[in-house]
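A.B. asks: I'm passing along protein_27.cif; it holds mmCIF, N, CA and C atoms.
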data_start
#
loop_
_atom_site.group_PDB
_atom_site.id
_atom_site.type_symbol
_atom_site.label_atom_id
_atom_site.label_comp_id
_atom_site.auth_asym_id
_atom_site.auth_seq_id
_atom_site.Cartn_x
_atom_site.Cartn_y
_atom_site.Cartn_z
ATOM 1 N N MET A 1 36.008 -14.428 14.010
ATOM 2 C CA MET A 1 34.640 -14.603 13.591
ATOM 3 C C MET A 1 34.634 -15.457 12.324
ATOM 4 N N ARG A 2 33.714 -16.387 12.262
ATOM 5 C CA ARG A 2 33.566 -17.269 11.103
ATOM 6 C C ARG A 2 32.467 -16.714 10.206
ATOM 7 N N VAL A 3 32.786 -16.509 8.929
ATOM 8 C CA VAL A 3 31.899 -15.815 7.995
ATOM 9 C C VAL A 3 31.590 -16.705 6.799
ATOM 10 N N LEU A 4 30.302 -16.790 6.458
ATOM 11 C CA LEU A 4 29.858 -17.518 5.273
ATOM 12 C C LEU A 4 29.212 -16.528 4.311
ATOM 13 N N VAL A 5 29.587 -16.602 3.042
ATOM 14 C CA VAL A 5 29.008 -15.772 1.992
ATOM 15 C C VAL A 5 28.393 -16.727 0.980
ATOM 16 N N SER A 6 27.094 -16.576 0.734
ATOM 17 C CA SER A 6 26.385 -17.559 -0.075
ATOM 18 C C SER A 6 25.515 -16.888 -1.139
ATOM 19 N N CYS A 7 25.573 -17.404 -2.368
ATOM 20 C CA CYS A 7 24.700 -16.929 -3.441
ATOM 21 C C CYS A 7 24.189 -18.138 -4.234
ATOM 22 N N ALA A 8 23.489 -17.887 -5.294
ATOM 23 C CA ALA A 8 22.822 -18.958 -6.040
ATOM 24 C C ALA A 8 23.754 -20.118 -6.389
ATOM 25 N N ASN A 9 24.817 -19.843 -7.148
ATOM 26 C CA ASN A 9 25.693 -20.914 -7.610
ATOM 27 C C ASN A 9 27.015 -20.999 -6.856
ATOM 28 N N GLY A 10 27.325 -19.994 -6.072
ATOM 29 C CA GLY A 10 28.546 -20.043 -5.280
ATOM 30 C C GLY A 10 29.811 -19.736 -6.037
ATOM 31 N N SER A 11 29.686 -19.075 -7.193
ATOM 32 C CA SER A 11 30.904 -18.769 -7.944
ATOM 33 C C SER A 11 31.106 -17.260 -8.073
ATOM 34 N N GLY A 12 30.455 -16.617 -9.000
ATOM 35 C CA GLY A 12 30.700 -15.205 -9.285
ATOM 36 C C GLY A 12 30.260 -14.231 -8.210
ATOM 37 N N THR A 13 28.969 -14.191 -7.933
ATOM 38 C CA THR A 13 28.435 -13.213 -6.993
ATOM 39 C C THR A 13 29.003 -13.398 -5.600
ATOM 40 N N SER A 14 29.070 -14.618 -5.132
ATOM 41 C CA SER A 14 29.562 -14.826 -3.769
ATOM 42 C C SER A 14 31.048 -14.496 -3.644
ATOM 43 N N LEU A 15 31.805 -14.693 -4.712
ATOM 44 C CA LEU A 15 33.224 -14.338 -4.671
ATOM 45 C C LEU A 15 33.387 -12.823 -4.585
ATOM 46 N N MET A 16 32.611 -12.080 -5.380
ATOM 47 C CA MET A 16 32.657 -10.619 -5.315
ATOM 48 C C MET A 16 32.191 -10.126 -3.943
ATOM 49 N N MET A 17 31.106 -10.729 -3.441
ATOM 50 C CA MET A 17 30.584 -10.319 -2.140
ATOM 51 C C MET A 17 31.572 -10.671 -1.032
ATOM 52 N N LYS A 18 32.276 -11.770 -1.161
ATOM 53 C CA LYS A 18 33.274 -12.167 -0.168
ATOM 54 C C LYS A 18 34.325 -11.076 -0.001
ATOM 55 N N LYS A 19 34.772 -10.517 -1.120
ATOM 56 C CA LYS A 19 35.778 -9.453 -1.065
ATOM 57 C C LYS A 19 35.223 -8.209 -0.377
ATOM 58 N N SER A 20 33.978 -7.856 -0.667
ATOM 59 C CA SER A 20 33.341 -6.704 -0.023
ATOM 60 C C SER A 20 33.169 -6.941 1.472
ATOM 61 N N VAL A 21 32.754 -8.152 1.825
ATOM 62 C CA VAL A 21 32.556 -8.503 3.238
ATOM 63 C C VAL A 21 33.889 -8.457 3.986
ATOM 64 N N GLU A 22 34.930 -9.028 3.400
ATOM 65 C CA GLU A 22 36.254 -9.004 4.040
ATOM 66 C C GLU A 22 36.709 -7.579 4.302
ATOM 67 N N LYS A 23 36.604 -6.722 3.286
ATOM 68 C CA LYS A 23 37.041 -5.336 3.439
ATOM 69 C C LYS A 23 36.192 -4.625 4.486
ATOM 70 N N GLY A 24 34.875 -4.761 4.384
ATOM 71 C CA GLY A 24 33.978 -4.084 5.317
ATOM 72 C C GLY A 24 34.219 -4.492 6.760
ATOM 73 N N LEU A 25 34.347 -5.785 7.001
ATOM 74 C CA LEU A 25 34.552 -6.280 8.366
ATOM 75 C C LEU A 25 35.922 -5.876 8.914
ATOM 76 N N LYS A 26 36.951 -5.997 8.096
ATOM 77 C CA LYS A 26 38.301 -5.634 8.567
ATOM 78 C C LYS A 26 38.381 -4.146 8.877
ATOM 79 N N ASP A 27 37.742 -3.315 8.050
ATOM 80 C CA ASP A 27 37.745 -1.866 8.298
ATOM 81 C C ASP A 27 37.011 -1.516 9.597
ATOM 82 N N LEU A 28 36.070 -2.353 9.999
ATOM 83 C CA LEU A 28 35.361 -2.141 11.269
ATOM 84 C C LEU A 28 36.138 -2.704 12.457
ATOM 85 N N GLY A 29 37.194 -3.457 12.184
ATOM 86 C CA GLY A 29 38.020 -3.998 13.265
ATOM 87 C C GLY A 29 37.748 -5.444 13.632
ATOM 88 N N PHE A 30 36.927 -6.136 12.840
ATOM 89 C CA PHE A 30 36.646 -7.545 13.113
ATOM 90 C C PHE A 30 37.820 -8.410 12.684
ATOM 91 N N GLU A 31 38.071 -9.462 13.446
ATOM 92 C CA GLU A 31 39.066 -10.457 13.059
ATOM 93 C C GLU A 31 38.323 -11.638 12.455
ATOM 94 N N ILE A 32 38.615 -11.913 11.196
ATOM 95 C CA ILE A 32 37.971 -13.031 10.499
ATOM 96 C C ILE A 32 38.876 -14.246 10.633
ATOM 97 N N THR A 33 38.389 -15.274 11.311
ATOM 98 C CA THR A 33 39.179 -16.489 11.476
ATOM 99 C C THR A 33 38.939 -17.469 10.336
ATOM 100 N N LYS A 34 37.749 -17.365 9.715
ATOM 101 C CA LYS A 34 37.410 -18.246 8.588
ATOM 102 C C LYS A 34 36.390 -17.518 7.733
ATOM 103 N N ILE A 35 36.591 -17.548 6.417
ATOM 104 C CA ILE A 35 35.586 -17.000 5.498
ATOM 105 C C ILE A 35 35.478 -17.950 4.316
ATOM 106 N N HIS A 36 34.236 -18.229 3.924
ATOM 107 C CA HIS A 36 33.989 -19.200 2.858
ATOM 108 C C HIS A 36 32.843 -18.694 2.003
ATOM 109 N N HIS A 37 32.959 -18.833 0.693
ATOM 110 C CA HIS A 37 31.838 -18.507 -0.197
ATOM 111 C C HIS A 37 31.370 -19.777 -0.886
ATOM 112 N N CYS A 38 30.050 -19.875 -1.069
ATOM 113 C CA CYS A 38 29.491 -21.116 -1.610
ATOM 114 C C CYS A 38 28.101 -20.875 -2.193
ATOM 115 N N SER A 39 27.518 -21.948 -2.707
ATOM 116 C CA SER A 39 26.157 -21.903 -3.247
ATOM 117 C C SER A 39 25.136 -21.908 -2.107
ATOM 118 N N ILE A 40 23.912 -21.558 -2.451
ATOM 119 C CA ILE A 40 22.826 -21.576 -1.461
ATOM 120 C C ILE A 40 22.657 -22.979 -0.881
ATOM 121 N N ALA A 41 22.686 -23.986 -1.728
ATOM 122 C CA ALA A 41 22.499 -25.364 -1.254
ATOM 123 C C ALA A 41 23.535 -25.719 -0.189
ATOM 124 N N GLU A 42 24.807 -25.427 -0.455
ATOM 125 C CA GLU A 42 25.849 -25.715 0.527
ATOM 126 C C GLU A 42 25.700 -24.810 1.745
ATOM 127 N N GLY A 43 25.376 -23.545 1.494
ATOM 128 C CA GLY A 43 25.237 -22.577 2.586
ATOM 129 C C GLY A 43 24.159 -22.958 3.582
ATOM 130 N N LYS A 44 23.022 -23.409 3.064
ATOM 131 C CA LYS A 44 21.927 -23.805 3.957
ATOM 132 C C LYS A 44 22.346 -24.947 4.880
ATOM 133 N N SER A 45 23.119 -25.879 4.348
ATOM 134 C CA SER A 45 23.488 -27.037 5.152
ATOM 135 C C SER A 45 24.673 -26.766 6.077
ATOM 136 N N SER A 46 25.465 -25.743 5.789
ATOM 137 C CA SER A 46 26.649 -25.496 6.625
ATOM 138 C C SER A 46 26.573 -24.211 7.443
ATOM 139 N N ALA A 47 25.487 -23.469 7.353
ATOM 140 C CA ALA A 47 25.376 -22.167 8.026
ATOM 141 C C ALA A 47 25.607 -22.253 9.532
ATOM 142 N N ALA A 48 25.218 -23.347 10.158
ATOM 143 C CA ALA A 48 25.342 -23.484 11.616
ATOM 144 C C ALA A 48 26.804 -23.510 12.082
ATOM 145 N N GLN A 49 27.728 -23.706 11.148
ATOM 146 C CA GLN A 49 29.153 -23.735 11.503
ATOM 147 C C GLN A 49 29.774 -22.336 11.506
ATOM 148 N N TYR A 50 28.974 -21.309 11.236
ATOM 149 C CA TYR A 50 29.471 -19.940 11.097
ATOM 150 C C TYR A 50 28.774 -19.012 12.087
ATOM 151 N N ASP A 51 29.408 -17.858 12.318
ATOM 152 C CA ASP A 51 28.832 -16.855 13.208
ATOM 153 C C ASP A 51 27.900 -15.913 12.458
ATOM 154 N N VAL A 52 28.189 -15.700 11.186
ATOM 155 C CA VAL A 52 27.385 -14.776 10.382
ATOM 156 C C VAL A 52 27.344 -15.267 8.940
ATOM 157 N N VAL A 53 26.174 -15.058 8.306
ATOM 158 C CA VAL A 53 25.983 -15.417 6.904
ATOM 159 C C VAL A 53 25.608 -14.147 6.147
ATOM 160 N N PHE A 54 26.291 -13.899 5.032
ATOM 161 C CA PHE A 54 25.937 -12.809 4.126
ATOM 162 C C PHE A 54 25.395 -13.435 2.857
ATOM 163 N N THR A 55 24.272 -12.887 2.364
ATOM 164 C CA THR A 55 23.640 -13.410 1.158
ATOM 165 C C THR A 55 22.897 -12.272 0.458
ATOM 166 N N PRO A 56 22.713 -12.341 -0.853
ATOM 167 C CA PRO A 56 21.896 -11.326 -1.521
ATOM 168 C C PRO A 56 20.477 -11.316 -0.946
ATOM 169 N N MET A 57 19.847 -10.147 -0.952
ATOM 170 C CA MET A 57 18.519 -9.967 -0.341
ATOM 171 C C MET A 57 17.500 -11.012 -0.810
ATOM 172 N N ASN A 58 17.539 -11.368 -2.095
ATOM 173 C CA ASN A 58 16.524 -12.290 -2.613
ATOM 174 C C ASN A 58 16.685 -13.721 -2.094
ATOM 175 N N PHE A 59 17.784 -14.023 -1.393
ATOM 176 C CA PHE A 59 17.971 -15.364 -0.832
ATOM 177 C C PHE A 59 17.853 -15.385 0.696
ATOM 178 N N LEU A 60 17.503 -14.253 1.272
ATOM 179 C CA LEU A 60 17.464 -14.126 2.728
ATOM 180 C C LEU A 60 16.599 -15.185 3.400
ATOM 181 N N ASN A 61 15.420 -15.448 2.850
ATOM 182 C CA ASN A 61 14.500 -16.410 3.473
ATOM 183 C C ASN A 61 15.012 -17.843 3.426
ATOM 184 N N MET A 62 16.018 -18.105 2.595
ATOM 185 C CA MET A 62 16.579 -19.452 2.519
ATOM 186 C C MET A 62 17.338 -19.812 3.797
ATOM 187 N N PHE A 63 17.642 -18.806 4.617
ATOM 188 C CA PHE A 63 18.430 -19.032 5.827
ATOM 189 C C PHE A 63 17.607 -18.853 7.100
ATOM 190 N N ASP A 64 16.290 -19.033 6.991
ATOM 191 C CA ASP A 64 15.423 -18.926 8.169
ATOM 192 C C ASP A 64 15.808 -19.933 9.248
ATOM 193 N N ASN A 65 16.169 -21.156 8.857
ATOM 194 C CA ASN A 65 16.576 -22.167 9.845
ATOM 195 C C ASN A 65 17.834 -21.733 10.595
ATOM 196 N N ALA A 66 18.770 -21.120 9.884
ATOM 197 C CA ALA A 66 19.994 -20.633 10.523
ATOM 198 C C ALA A 66 19.658 -19.535 11.532
ATOM 199 N N LYS A 67 18.753 -18.636 11.148
ATOM 200 C CA LYS A 67 18.330 -17.561 12.062
ATOM 201 C C LYS A 67 17.727 -18.148 13.329
ATOM 202 N N GLU A 68 16.906 -19.180 13.166
ATOM 203 C CA GLU A 68 16.275 -19.822 14.323
ATOM 204 C C GLU A 68 17.306 -20.427 15.266
ATOM 205 N N LYS A 69 18.470 -20.806 14.731
ATOM 206 C CA LYS A 69 19.539 -21.386 15.546
ATOM 207 C C LYS A 69 20.457 -20.315 16.133
ATOM 208 N N GLY A 70 20.130 -19.035 15.897
ATOM 209 C CA GLY A 70 20.912 -17.951 16.477
ATOM 210 C C GLY A 70 22.034 -17.423 15.605
ATOM 211 N N ILE A 71 22.094 -17.858 14.349
ATOM 212 C CA ILE A 71 23.118 -17.370 13.428
ATOM 213 C C ILE A 71 22.658 -16.011 12.899
ATOM 214 N N THR A 72 23.552 -15.042 12.853
ATOM 215 C CA THR A 72 23.231 -13.743 12.275
ATOM 216 C C THR A 72 23.243 -13.882 10.761
ATOM 217 N N VAL A 73 22.139 -13.510 10.111
ATOM 218 C CA VAL A 73 22.025 -13.588 8.657
ATOM 219 C C VAL A 73 21.777 -12.176 8.142
ATOM 220 N N ILE A 74 22.619 -11.745 7.209
ATOM 221 C CA ILE A 74 22.556 -10.376 6.700
ATOM 222 C C ILE A 74 22.331 -10.403 5.200
ATOM 223 N N GLY A 75 21.283 -9.723 4.762
ATOM 224 C CA GLY A 75 20.990 -9.595 3.341
ATOM 225 C C GLY A 75 21.644 -8.353 2.768
ATOM 226 N N ILE A 76 22.235 -8.481 1.600
ATOM 227 C CA ILE A 76 22.953 -7.388 0.954
ATOM 228 C C ILE A 76 22.316 -7.090 -0.406
ATOM 229 N N LYS A 77 22.052 -5.802 -0.686
ATOM 230 C CA LYS A 77 21.512 -5.400 -1.991
ATOM 231 C C LYS A 77 22.626 -5.272 -3.014
ATOM 232 N N ASN A 78 23.671 -4.519 -2.677
ATOM 233 C CA ASN A 78 24.786 -4.288 -3.594
ATOM 234 C C ASN A 78 25.972 -5.122 -3.132
ATOM 235 N N VAL A 79 26.199 -6.243 -3.780
ATOM 236 C CA VAL A 79 27.230 -7.192 -3.332
ATOM 237 C C VAL A 79 28.639 -6.639 -3.465
ATOM 238 N N MET A 80 28.801 -5.531 -4.183
ATOM 239 C CA MET A 80 30.114 -4.914 -4.367
ATOM 240 C C MET A 80 30.396 -3.840 -3.302
ATOM 241 N N SER A 81 29.463 -3.576 -2.417
ATOM 242 C CA SER A 81 29.578 -2.444 -1.501
ATOM 243 C C SER A 81 30.037 -2.845 -0.099
ATOM 244 N N ALA A 82 31.297 -2.549 0.203
ATOM 245 C CA ALA A 82 31.804 -2.771 1.566
ATOM 246 C C ALA A 82 31.092 -1.831 2.540
ATOM 247 N N LYS A 83 30.704 -0.652 2.043
ATOM 248 C CA LYS A 83 29.990 0.313 2.888
ATOM 249 C C LYS A 83 28.637 -0.262 3.338
ATOM 250 N N GLU A 84 27.913 -0.877 2.420
ATOM 251 C CA GLU A 84 26.626 -1.476 2.785
ATOM 252 C C GLU A 84 26.836 -2.604 3.793
ATOM 253 N N VAL A 85 27.871 -3.403 3.594
ATOM 254 C CA VAL A 85 28.199 -4.465 4.551
ATOM 255 C C VAL A 85 28.377 -3.856 5.937
ATOM 256 N N GLN A 86 29.144 -2.778 6.029
ATOM 257 C CA GLN A 86 29.392 -2.130 7.312
ATOM 258 C C GLN A 86 28.101 -1.604 7.933
ATOM 259 N N GLU A 87 27.267 -0.967 7.126
ATOM 260 C CA GLU A 87 25.996 -0.433 7.636
ATOM 261 C C GLU A 87 25.120 -1.545 8.194
ATOM 262 N N LYS A 88 25.031 -2.657 7.462
ATOM 263 C CA LYS A 88 24.188 -3.775 7.911
ATOM 264 C C LYS A 88 24.751 -4.430 9.168
ATOM 265 N N VAL A 89 26.075 -4.555 9.250
ATOM 266 C CA VAL A 89 26.706 -5.161 10.428
ATOM 267 C C VAL A 89 26.428 -4.302 11.660
ATOM 268 N N LYS A 90 26.461 -2.988 11.499
ATOM 269 C CA LYS A 90 26.214 -2.080 12.632
ATOM 270 C C LYS A 90 24.797 -2.214 13.175
ATOM 271 N N GLU A 91 23.871 -2.735 12.372
ATOM 272 C CA GLU A 91 22.485 -2.939 12.803
ATOM 273 C C GLU A 91 22.316 -4.231 13.604
ATOM 274 N N THR A 92 23.375 -5.024 13.718
ATOM 275 C CA THR A 92 23.312 -6.307 14.434
ATOM 276 C C THR A 92 24.071 -6.204 15.759
ATOM 277 N N ASP A 93 24.133 -7.321 16.470
ATOM 278 C CA ASP A 93 24.892 -7.376 17.733
ATOM 279 C C ASP A 93 26.299 -7.939 17.529
ATOM 280 N N LEU A 94 26.758 -8.041 16.284
ATOM 281 C CA LEU A 94 28.074 -8.617 16.019
ATOM 282 C C LEU A 94 29.203 -7.835 16.705
ATOM 283 N N GLY A 95 29.072 -6.511 16.732
ATOM 284 C CA GLY A 95 30.093 -5.696 17.383
ATOM 285 C C GLY A 95 30.213 -6.014 18.857
ATOM 286 N N GLU A 96 29.082 -6.195 19.514
ATOM 287 C CA GLU A 96 29.087 -6.541 20.952
ATOM 288 C C GLU A 96 29.691 -7.910 21.179
ATOM 289 N N ARG A 97 29.476 -8.811 20.255
ATOM 290 C CA ARG A 97 29.944 -10.189 20.418
ATOM 291 C C ARG A 97 31.393 -10.408 20.015
ATOM 292 N N PHE A 98 31.891 -9.626 19.030
ATOM 293 C CA PHE A 98 33.196 -9.960 18.455
ATOM 294 C C PHE A 98 34.230 -8.831 18.486
ATOM 295 N N LEU A 99 33.866 -7.657 18.975
ATOM 296 C CA LEU A 99 34.869 -6.576 19.037
ATOM 297 C C LEU A 99 35.282 -6.313 20.467
#
Can you turn what I pasted into C-alpha cells?

C.D. replies:
Amino acid sequence: MRVLVSCANGSGTSLMMKKSVEKGLKDLGFEITKIHHCSIAEGKSSAAQYDVVFTPMNFLNMFDNAKEKGITVIGIKNVMSAKEVQEKVKETDLGERFL
C-alpha cells in the first residue's frame, strides 16, 4: 500500500504522524510499499499517486479532489496516536482492499 502523510509545512507534524501511521498500519497487518511525508502543497499535487492520504483534521478539505478520484483520505486529530490511526483505518475499506 502506498501511503502519503501531509501537513502544513511537511516537516515536524507530518514526520511525527508518519511514525504513528507506520506503526498503526503495520500492527493491523498492512504492508507499506511506499510512505512519504510532505507539505499540503506537495500532497495536493501528488495524492493521486497514493492509495491513502493521512492529514490533520483541519486540512481534510484540501484533499477533496483526491477523494473524488477514489483516494482514501483520513483526517487525524492526534498525530501522535497510532491507536487513532487504526480506528480511522477500520472505518474505511482499506482492509478489504489491502489485507

A.B. asks: I need the residue set behind the PyMOL selection byres ((chain A and resi 69-82) around 8) for this file; please write it as an mmCIF file with N, CA and C atoms, keeping the file's coordinate frame.

C.D. replies:
data_model
loop_
_atom_site.group_PDB
_atom_site.id
_atom_site.type_symbol
_atom_site.label_atom_id
_atom_site.label_comp_id
_atom_site.auth_asym_id
_atom_site.auth_seq_id
_atom_site.Cartn_x
_atom_site.Cartn_y
_atom_site.Cartn_z
ATOM 1 N N THR A 13 28.969 -14.191 -7.933
ATOM 2 C CA THR A 13 28.435 -13.213 -6.993
ATOM 3 C C THR A 13 29.003 -13.398 -5.600
ATOM 4 N N SER A 14 29.070 -14.618 -5.132
ATOM 5 C CA SER A 14 29.562 -14.826 -3.769
ATOM 6 C C SER A 14 31.048 -14.496 -3.644
ATOM 7 N N LEU A 15 31.805 -14.693 -4.712
ATOM 8 C CA LEU A 15 33.224 -14.338 -4.671
ATOM 9 C C LEU A 15 33.387 -12.823 -4.585
ATOM 10 N N MET A 16 32.611 -12.080 -5.380
ATOM 11 C CA MET A 16 32.657 -10.619 -5.315
ATOM 12 C C MET A 16 32.191 -10.126 -3.943
ATOM 13 N N MET A 17 31.106 -10.729 -3.441
ATOM 14 C CA MET A 17 30.584 -10.319 -2.140
ATOM 15 C C MET A 17 31.572 -10.671 -1.032
ATOM 16 N N LYS A 18 32.276 -11.770 -1.161
ATOM 17 C CA LYS A 18 33.274 -12.167 -0.168
ATOM 18 C C LYS A 18 34.325 -11.076 -0.001
ATOM 19 N N LYS A 19 34.772 -10.517 -1.120
ATOM 20 C CA LYS A 19 35.778 -9.453 -1.065
ATOM 21 C C LYS A 19 35.223 -8.209 -0.377
ATOM 22 N N SER A 20 33.978 -7.856 -0.667
ATOM 23 C CA SER A 20 33.341 -6.704 -0.023
ATOM 24 C C SER A 20 33.169 -6.941 1.472
ATOM 25 N N VAL A 21 32.754 -8.152 1.825
ATOM 26 C CA VAL A 21 32.556 -8.503 3.238
ATOM 27 C C VAL A 21 33.889 -8.457 3.986
ATOM 28 N N GLU A 22 34.930 -9.028 3.400
ATOM 29 C CA GLU A 22 36.254 -9.004 4.040
ATOM 30 C C GLU A 22 36.709 -7.579 4.302
ATOM 31 N N LYS A 23 36.604 -6.722 3.286
ATOM 32 C CA LYS A 23 37.041 -5.336 3.439
ATOM 33 C C LYS A 23 36.192 -4.625 4.486
ATOM 34 N N GLY A 24 34.875 -4.761 4.384
ATOM 35 C CA GLY A 24 33.978 -4.084 5.317
ATOM 36 C C GLY A 24 34.219 -4.492 6.760
ATOM 37 N N LEU A 25 34.347 -5.785 7.001
ATOM 38 C CA LEU A 25 34.552 -6.280 8.366
ATOM 39 C C LEU A 25 35.922 -5.876 8.914
ATOM 40 N N ALA A 47 25.487 -23.469 7.353
ATOM 41 C CA ALA A 47 25.376 -22.167 8.026
ATOM 42 C C ALA A 47 25.607 -22.253 9.532
ATOM 43 N N ALA A 48 25.218 -23.347 10.158
ATOM 44 C CA ALA A 48 25.342 -23.484 11.616
ATOM 45 C C ALA A 48 26.804 -23.510 12.082
ATOM 46 N N TYR A 50 28.974 -21.309 11.236
ATOM 47 C CA TYR A 50 29.471 -19.940 11.097
ATOM 48 C C TYR A 50 28.774 -19.012 12.087
ATOM 49 N N ASP A 51 29.408 -17.858 12.318
ATOM 50 C CA ASP A 51 28.832 -16.855 13.208
ATOM 51 C C ASP A 51 27.900 -15.913 12.458
ATOM 52 N N VAL A 52 28.189 -15.700 11.186
ATOM 53 C CA VAL A 52 27.385 -14.776 10.382
ATOM 54 C C VAL A 52 27.344 -15.267 8.940
ATOM 55 N N VAL A 53 26.174 -15.058 8.306
ATOM 56 C CA VAL A 53 25.983 -15.417 6.904
ATOM 57 C C VAL A 53 25.608 -14.147 6.147
ATOM 58 N N PHE A 54 26.291 -13.899 5.032
ATOM 59 C CA PHE A 54 25.937 -12.809 4.126
ATOM 60 C C PHE A 54 25.395 -13.435 2.857
ATOM 61 N N THR A 55 24.272 -12.887 2.364
ATOM 62 C CA THR A 55 23.640 -13.410 1.158
ATOM 63 C C THR A 55 22.897 -12.272 0.458
ATOM 64 N N PRO A 56 22.713 -12.341 -0.853
ATOM 65 C CA PRO A 56 21.896 -11.326 -1.521
ATOM 66 C C PRO A 56 20.477 -11.316 -0.946
ATOM 67 N N MET A 57 19.847 -10.147 -0.952
ATOM 68 C CA MET A 57 18.519 -9.967 -0.341
ATOM 69 C C MET A 57 17.500 -11.012 -0.810
ATOM 70 N N ASN A 58 17.539 -11.368 -2.095
ATOM 71 C CA ASN A 58 16.524 -12.290 -2.613
ATOM 72 C C ASN A 58 16.685 -13.721 -2.094
ATOM 73 N N PHE A 59 17.784 -14.023 -1.393
ATOM 74 C CA PHE A 59 17.971 -15.364 -0.832
ATOM 75 C C PHE A 59 17.853 -15.385 0.696
ATOM 76 N N LEU A 60 17.503 -14.253 1.272
ATOM 77 C CA LEU A 60 17.464 -14.126 2.728
ATOM 78 C C LEU A 60 16.599 -15.185 3.400
ATOM 79 N N PHE A 63 17.642 -18.806 4.617
ATOM 80 C CA PHE A 63 18.430 -19.032 5.827
ATOM 81 C C PHE A 63 17.607 -18.853 7.100
ATOM 82 N N ASP A 64 16.290 -19.033 6.991
ATOM 83 C CA ASP A 64 15.423 -18.926 8.169
ATOM 84 C C ASP A 64 15.808 -19.933 9.248
ATOM 85 N N ASN A 65 16.169 -21.156 8.857
ATOM 86 C CA ASN A 65 16.576 -22.167 9.845
ATOM 87 C C ASN A 65 17.834 -21.733 10.595
ATOM 88 N N ALA A 66 18.770 -21.120 9.884
ATOM 89 C CA ALA A 66 19.994 -20.633 10.523
ATOM 90 C C ALA A 66 19.658 -19.535 11.532
ATOM 91 N N LYS A 67 18.753 -18.636 11.148
ATOM 92 C CA LYS A 67 18.330 -17.561 12.062
ATOM 93 C C LYS A 67 17.727 -18.148 13.329
ATOM 94 N N GLU A 68 16.906 -19.180 13.166
ATOM 95 C CA GLU A 68 16.275 -19.822 14.323
ATOM 96 C C GLU A 68 17.306 -20.427 15.266
ATOM 97 N N LYS A 83 30.704 -0.652 2.043
ATOM 98 C CA LYS A 83 29.990 0.313 2.888
ATOM 99 C C LYS A 83 28.637 -0.262 3.338
ATOM 100 N N GLU A 84 27.913 -0.877 2.420
ATOM 101 C CA GLU A 84 26.626 -1.476 2.785
ATOM 102 C C GLU A 84 26.836 -2.604 3.793
ATOM 103 N N VAL A 85 27.871 -3.403 3.594
ATOM 104 C CA VAL A 85 28.199 -4.465 4.551
ATOM 105 C C VAL A 85 28.377 -3.856 5.937
ATOM 106 N N GLN A 86 29.144 -2.778 6.029
ATOM 107 C CA GLN A 86 29.392 -2.130 7.312
ATOM 108 C C GLN A 86 28.101 -1.604 7.933
ATOM 109 N N GLU A 87 27.267 -0.967 7.126
ATOM 110 C CA GLU A 87 25.996 -0.433 7.636
ATOM 111 C C GLU A 87 25.120 -1.545 8.194
ATOM 112 N N LYS A 88 25.031 -2.657 7.462
ATOM 113 C CA LYS A 88 24.188 -3.775 7.911
ATOM 114 C C LYS A 88 24.751 -4.430 9.168
ATOM 115 N N VAL A 89 26.075 -4.555 9.250
ATOM 116 C CA VAL A 89 26.706 -5.161 10.428
ATOM 117 C C VAL A 89 26.428 -4.302 11.660
ATOM 118 N N THR A 92 23.375 -5.024 13.718
ATOM 119 C CA THR A 92 23.312 -6.307 14.434
ATOM 120 C C THR A 92 24.071 -6.204 15.759
ATOM 121 N N ASP A 93 24.133 -7.321 16.470
ATOM 122 C CA ASP A 93 24.892 -7.376 17.733
ATOM 123 C C ASP A 93 26.299 -7.939 17.529
ATOM 124 N N LEU A 94 26.758 -8.041 16.284
ATOM 125 C CA LEU A 94 28.074 -8.617 16.019
ATOM 126 C C LEU A 94 29.203 -7.835 16.705
#

A.B. asks: From chain A, collect each residue whose DSSP state is alpha helix (DSSP H) and return the set as a ChimeraX atom specification.

C.D. replies: /A:12-28,40-46,64-68,82-90,94-98

A.B. asks: Take every atom of range 69-73 of chain A listed in the file, pad by 8 Å on each side, and give me the axis-aligned box centre and edge lengths in Å, one decimal, as lines of an AutoDock Vina configuration file.

C.D. replies:
center_x = 21.0
center_y = -16.8
center_z = 12.3
size_x = 21.1
size_y = 25.2
size_z = 24.3

A.B. asks: In Å, how far is it from CA of Leu28 in chain A to CA of Lys44 in chain A?

C.D. replies: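 Result for CA of Leu28 in chain A versus CA of Lys44 in chain A: 26.5 Å, one decimal.
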
A.B. asks: Give me, please, the distance in Å between CA of His36 in chain A and CA of Phe98 in chain A, quoted to one decimal.

C.D. replies: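 Separation between CA of His36 in chain A and CA of Phe98 in chain A: 18.1 Å.
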
A.B. asks: Looking only at the backbone, which of the residues in range 11-46 of chain A does DSSP tag as strand (DSSP E), as a PyMOL selection string?

C.D. replies: chain A and resi 34-39

A.B. asks: Take atom C of Gln49 in chain A and CA of Leu4 in chain A and report the distance between them in Å, one decimal.

C.D. replies: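 Interatomic distance, atom C of Gln49 in chain A to CA of Leu4 in chain A: 7.9 Å.
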